[in-house]
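Trainee: Attaching a single structure in structure tokens format; questions to follow.
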Amino acid sequence: MVLITYDVSTQTAAGKGRLRKVAKACVDHGQRVQNSVFECVLDAAQYAKFKQQLIELIDPETDSLRFYNLGNHYAGKVEHVGAKETFEQERDVLIV
């Protein structure tokens, strides 16, 4: 599991566009757990490709990305308190 966080400057229209693109890419790869925080279960190849995609979307002068690699045994490393209970991505998947 990789925890991905981002902060995209929205001072300009271009920044607002970057924010939408980064958020959309993250939604496509993981579960939103906070406004700019996503939990993503990815193998090494998926992670490398996704990380590069995000890096290409941002402006490194005004935006930032953070990647926290929690590894395969992440279940014991994540605690949740409060609303918006999450689901286990590897187990609770609904296929339509």
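Naming works like this for the structure tokens: A, B, ... for the chains as they're shown, residue 1 at the start of each chain, ligands 1 onward in shown order.
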Give me the residues within 12 Å of Gln46 (chain A) as number ranges by chain, counting only C-alpha atoms and dropping any in the same chain fewer than 6 places off.

Mentor: A: 1-2, 29-30, 40, 52-53

Trainee: Give me the residues near region 36-38 of chain A as a list of chain:residue names, where near means some atom within 10 Å (using only C-alpha atoms) and where sequence neighbours in that chain fewer than 6 positions away do not count.

Mentor: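 Result of the neighbour search: A:Val2, A:Leu3, A:Ile4, A:Thr5, A:Tyr6, A:Asp7, A:Val8, A:Leu19, A:Val22, A:Ala23, A:Cys26, A:Val27, A:His29, A:Gly30, A:Leu65, A:Arg66, A:Phe67.
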
Trainee: Rounded to one decimal place, report the CA of Gln34 (chain A)-CA of Ala83 (chain A) distance in Å.

Mentor: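 According to the coordinates, CA of Gln34 (chain A) and CA of Ala83 (chain A) are separated by 11.0 Å.
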
Trainee: Using only C-alpha atoms, which residue out of A:Lys21, A:Ala13, A:Gly71, A:Gly82 lies closest to Ile58 (chain A)?

Mentor: A:Lys21

Trainee: For the alpha helix (DSSP H) assignment from backbone DSSP, which residues of region 23-69 of chain A qualify? Please present them as a PyMOL selection string.

Mentor: chain A and resi 23-29+44-57

Trainee: When DSSP is applied to the backbone of this structure, which of region 1-85 of chain A are assigned strand (DSSP E or B)? Write them out as a ChimeraX atom specification.

Mentor: /A:2-7,31-34,37-40,64-69

Trainee: Considering only C-alpha atoms, can you say which of A:Ala48, A:Gln11, A:Lys24, A:Asp43 comes closest to Asp63 (chain A)?

Mentor: A:Gln11

Trainee: With distances taken over only C-alpha atoms, which residue among A:Ala14, A:Leu42, A:Val33, A:Leu54 lies nearest Val78 (chain A)?

Mentor: A:Val33

Trainee: Any idea what the distance is between CA of Gln31 (chain A) and CA of Asp59 (chain A)?

Mentor: 23.5 Å

Trainee: Rounded to one decimal in Å, what is the spacing between CA of Asn35 (chain A) and CA of Arg18 (chain A)?

Mentor: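 Spanning CA of Asn35 (chain A) to CA of Arg18 (chain A) is a straight-line distance of 15.0 Å.
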